[in-house]
Amino acid sequence: MFTESWTALQNFTPEQTAFGEQNMGALMGLGFLIALISWGFLGFVLRKIGANDMVDAIKMSLVLCFGFVVLTQLYDPVYAITPMALFYIDASYQVVGFPLMAAIHTLMANVMVKD
């Protein structure tokens with residue numbers, strides 16, 4: 001959805017662009033692995049804080065996302081002087097992703113055997 005805008009705001013060099021095109025499969029696989037690990041850690045934290053139903057899990061995932069991820073990403077425009085538009089794209093990806101991960105985790109936790 002924001003691929004062209006995000007890519008343009010990154011100011012990739014031709015070498016970086018070529019590397020990304022040549023290694024797209026490996027990079028996408030690594031991105032999936034990172035998302036899977038994030039999902040696992042988010043599920044662990046949600047269980048520890050007692051967010052067992054979907055509404056609580058989504059609310060707490062947003063609190064965690066804004067409190068840790070979005071604020072950490074805000075360092076880029078502040079210190080690295082990256083465009084705010086890039087921050088908005090990256091942050092919105094996380095703000096959408098965290099509640100989705102929480103919802104999936106809650107659905108899976110309700111299907112799996114309880115400890």
# chains A, B, ... in the order shown; residues from 1 in each chain; ligands from 1
>>> select_by_dssp(residues="segment 12-115 of chain A", states="helix (DSSP H, G or I)", output="ChimeraX atom specification")
/A:14-22,24-48,54-73,75-80,84-111
>>> residues_around(residues="Ala102 of chain A", least_positions_apart="2", cutoff="7 Å", atoms="only C-alpha atoms", output="short mmCIF file (atom, residue, chain, number, x, y, z; two decimals) with N, CA, C and O atoms, in the first residue's frame")
data_model
loop_
_atom_site.label_atom_id
_atom_site.label_comp_id
_atom_site.auth_asym_id
_atom_site.auth_seq_id
_atom_site.Cartn_x
_atom_site.Cartn_y
_atom_site.Cartn_z
N GLY A 43 2.68 -12.35 22.78
CA GLY A 43 1.80 -13.32 23.44
C GLY A 43 2.25 -13.63 24.85
O GLY A 43 1.43 -13.72 25.77
N ALA A 57 -6.60 -8.07 25.24
CA ALA A 57 -5.35 -8.31 24.51
C ALA A 57 -5.11 -7.22 23.47
O ALA A 57 -3.99 -6.71 23.34
N ILE A 58 -6.14 -6.83 22.76
CA ILE A 58 -5.98 -5.77 21.75
C ILE A 58 -5.67 -4.44 22.42
O ILE A 58 -4.77 -3.71 21.98
N SER A 61 -2.13 -4.60 23.70
CA SER A 61 -1.16 -4.60 22.60
C SER A 61 -0.96 -3.18 22.07
O SER A 61 0.16 -2.79 21.71
N PHE A 98 0.30 -4.94 15.74
CA PHE A 98 0.23 -5.41 17.13
C PHE A 98 -1.17 -5.90 17.52
O PHE A 98 -1.28 -6.99 18.09
N PRO A 99 -2.24 -5.16 17.24
CA PRO A 99 -3.57 -5.71 17.56
C PRO A 99 -3.89 -6.97 16.78
O PRO A 99 -4.54 -7.87 17.31
N LEU A 100 -3.43 -7.05 15.53
CA LEU A 100 -3.65 -8.29 14.76
C LEU A 100 -2.93 -9.46 15.40
O LEU A 100 -3.49 -10.55 15.53
N ILE A 104 -4.75 -12.79 16.90
CA ILE A 104 -4.37 -14.15 16.48
C ILE A 104 -3.91 -14.97 17.68
O ILE A 104 -4.29 -16.14 17.83
N HIS A 105 -3.12 -14.36 18.53
CA HIS A 105 -2.64 -15.07 19.71
C HIS A 105 -3.80 -15.48 20.61
O HIS A 105 -3.84 -16.61 21.11
N THR A 106 -4.75 -14.59 20.81
CA THR A 106 -5.91 -14.90 21.66
C THR A 106 -6.73 -16.02 21.05
O THR A 106 -7.16 -16.94 21.76
#
>>> residues_around(residues="segment 28-35 of chain A", least_positions_apart="5", cutoff="10 Å", atoms="only C-alpha atoms", output="list in words")
Gly20, Asn23, Gly40, Phe41, Gly97, Phe98 and Met101 of chain A
>>> atom_distance(atom1="atom CA of Val63 of chain A", atom2="atom CA of Ser92 of chain A")
13.9 Å
>>> atom_distance(atom1="atom CA of Asn11 of chain A", atom2="atom CA of Pro83 of chain A")
10.6 Å
>>> closest_residue(among="A:Leu9, A:Leu46, A:Leu107, A:Leu62", to="Pro77 of chain A", atoms="only C-alpha atoms")
A:Leu9
